[in-house]
Structure formats: C-alpha cells, structure tokens
Amino acid sequence: MRVIVNHYKTIRYFIMGLVLSRMAMGCLDRPDCVFEGDNRIEINFLRLEEVDDELRNVQDTLIFQRIYALNSNALYAFQDTIFTPFILLINPNDTVTTFVFERLSGTDTLVLNYDSRPGFVSENCGFNIELTNMEVARHTFDSLKVNNLDLEIKNIINFEVIN
C-alpha cells in the first residue's frame, strides 16, 4: 500500500512538472512586442550665465502658465514650475504637432512636421505607428538649437531653448 502511495506522489509531481514546463515554454514562443519607435521628444531650457568670466549655458527653471499641444487633449503643465529637460509627446495620429508654451512674459510655439506610418508588427503585437522625417516647421523662441530629429535615438535632448 505504501509503495502505491509513493508512486501516486511521484506521478503527480511529474505531471505538474510537465504542465509547468509547457506553460513556460509557451511564453518563449511568443514574439517580443518591443516597439523601437517613440513619440517622445525632450526639450531643455537654458540661460546664459557668466561663470569664471566666461558665458555658459546653464539649466533654467521656468514658471509656465500652460504647456499644451494644439488639436490634442495633452496638457503638460498648468501654472507650474518646470525643471528641464522636459518631455513632450508628439501626436502619432497626425503629421503635425504644435506645442504652445505660455508664460506671463509671453507665448512661444514649436511646430513639428513628420511622417506618420502605421505598420503591422504581428498578430500578437498588432500595429505600430512609426514617426519619421521630423523637421521644425517654425518656432517663436529667440534661440532654438536642434540636436536630434530622429526619434529612434534615445537618451538625447532633442531641442535646447536658450533664454
């Protein structure tokens, strides 16, 4: 009787091991749904400051009434102090995004044009929208430095505004 009980335990553990290993292997069969494209840009606000008898660009902290994108529900700041760099999102469902920066001293805009192409990734992952060929259509900042317009390059400040 004791031998039969031990066999049942062994068989039960063996079957549980098979089920768990099959579940784990099933997860490995799925494609990774990692999308390389991104719709984030980073903007940095700098100011000129004299340091050791030399003019240098240093981080600026600004108070904005509002930062928002036209034709979008995106409101990035409302009567808030912004520490830069600051992240903004490009509208992937359009080919133009206009960002509005409202301060007590005035309003500035940054208009970006780009191509927006949907692409099928896989049945499990669905569709992805790729944003390419970004360019600055116009802006009203006194000084705008464009560092990077390729959204696939990560961890780089796209734009620098020098106040």
# chains A, B, ... in the order shown; residues from 1 in each chain; ligands from 1

call {"tool": "closest_atom_pairs", "arguments": {"of": "segment 90-148 of chain A", "to": "segment 35-49 of chain A", "cutoff": "9 Å", "atoms": "only C-alpha atoms", "output": "CSV"}}
result
residue,atom,partner,partner_atom,distance
A:Ile90,CA,A:Asn39,CA,5.1
A:Asn91,CA,A:Asn39,CA,7.3
A:Pro92,CA,A:Asn39,CA,6.8
A:Val121,CA,A:Phe35,CA,8.9
A:Asn128,CA,A:Phe35,CA,7.1
A:Ile129,CA,A:Gly37,CA,7.7
A:Glu130,CA,A:Gly37,CA,5.9
A:Leu131,CA,A:Gly37,CA,7.1

call {"tool": "residues_around", "arguments": {"residues": "Thr140 of chain A", "least_positions_apart": "4", "cutoff": "7 Å", "atoms": "only C-alpha atoms", "output": "list in words"}}
result
Asp108, Thr109 and Leu110 of chain A

call {"tool": "write_last_selection", "arguments": {"atoms": "N, CA and C atoms", "output": "compact mmCIF listing (two decimals), in the first residue's frame"}}
result
# COMPACT_ATOMS: atom_id res chain seq x y z
N ASP A 108 5.18 81.18 -26.62
CA ASP A 108 6.03 80.66 -27.68
C ASP A 108 5.41 79.38 -28.23
N THR A 109 5.73 79.09 -29.49
CA THR A 109 5.24 77.87 -30.12
C THR A 109 6.39 77.12 -30.78
N LEU A 110 6.21 75.84 -30.90
CA LEU A 110 7.13 74.96 -31.62
C LEU A 110 6.26 74.05 -32.48

call {"tool": "atom_distance", "arguments": {"atom1": "atom CA of Val96 of chain A", "atom2": "atom CA of Asn158 of chain A"}}
result
16.5 Å

call {"tool": "closest_residue", "arguments": {"among": "A:Ser105, A:Thr132, A:Asn148, A:Ser143", "to": "Ile162 of chain A", "atoms": "only C-alpha atoms"}}
result
A:Ser143

call {"tool": "atom_distance", "arguments": {"atom1": "atom CA of Glu152 of chain A", "atom2": "atom CA of Gln59 of chain A"}}
result
25.0 Å

call {"tool": "closest_residue", "arguments": {"among": "A:Ile153, A:Ile87, A:Leu112, A:Phe99", "to": "Ile67 of chain A", "atoms": "only C-alpha atoms"}}
result
A:Phe99

call {"tool": "atom_distance", "arguments": {"atom1": "atom CA of Phe78 of chain A", "atom2": "atom CA of Phe64 of chain A"}}
result
6.9 Å

call {"tool": "residues_around", "arguments": {"residues": "Leu75 of chain A", "least_positions_apart": "4", "cutoff": "12 Å", "atoms": "only C-alpha atoms", "output": "PyMOL selection string"}}
result
chain A and resi 64-71+79-80+87-89+99-102

call {"tool": "closest_residue", "arguments": {"among": "A:Thr61, A:Gly126, A:Pro85, A:Asp53", "to": "Ile157 of chain A", "atoms": "only C-alpha atoms"}}
result
A:Pro85

call {"tool": "closest_residue", "arguments": {"among": "A:Leu62, A:Asn155, A:Asp52, A:Val146", "to": "Leu104 of chain A", "atoms": "only C-alpha atoms"}}
result
A:Leu62
